[in-house]
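Enquirer: I am attaching a structure below and will ask some questions about it afterwards.
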Amino acid sequence: MVFAQNKIDVYKLEEDEKIWQDYSGKQIGDPEKLVKILLTLADNPHPPLHLLLGPDTYELVTEHRKKEALEMEAWKTITLSTNFD
C-alpha cells in the first residue's frame with residue numbers, strides 16, 4: 001500500500017493507515033475468481049447493468065434497497081400527486 005507523504009495532522013491519517021494496513025491481505029474475496037468473472041462478462045453481449053460480487057456486498061446492497069423500497073412506498077401518495085389535475 002502507498003499512502004500520502006505530506007499529511008495534514010487534523011485528519012489523523014495515521015489511524016486510518018493502520019486500519020488499512022491491518023486489513024490488507026485479509027479480505028474474504030478471491031481476486032482470481034473476480035478476474036474470471038470480469039473476463040467472462042467482457043465477452044458477454046448482454047452483461048448485467050448491476051452486478052454484486054461477494055456475499056458482503058450482496059447483503060449490504062440488498063438491505064439498503066429494501067429500506068429504499070419501504071421509504072418510497074411510504075411517500076408514494078406524494079410521489080404520484082404531481083400531475084396536473
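Lettering and numbering for the C-alpha cells are positional, with chains as A, B, ... in the shown order, residues counted from 1 in each chain, and ligands counted from 1 in the shown order.
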Mind listing the alpha helix (DSSP H) residues of stretch 6-80 of chain A, per DSSP on the backbone, as a ChimeraX atom specification?

Expert: /A:13-23,31-42,55-74,76-79

Enquirer: Figure out the distance between atom CA of A:His64 and atom CA of A:Leu51, please, to one decimal in Å.

Expert: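 Value for the atom CA of A:Leu51-atom CA of A:His64 distance: 15.1 Å.
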
Enquirer: Suppose you want the space between atom CA of A:Asp30 and atom CA of A:Pro45; what is it in Å?

Expert: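 A separation of 25.1 Å between them.
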
Enquirer: Name the residues in contact with A:Gln27 at a cut-off of 12 Å, using only C-alpha atoms, excluding same-chain residues fewer than 5 positions from it; report them as a VMD selection string.

Expert: chain A and resid 20 to 22 54 56
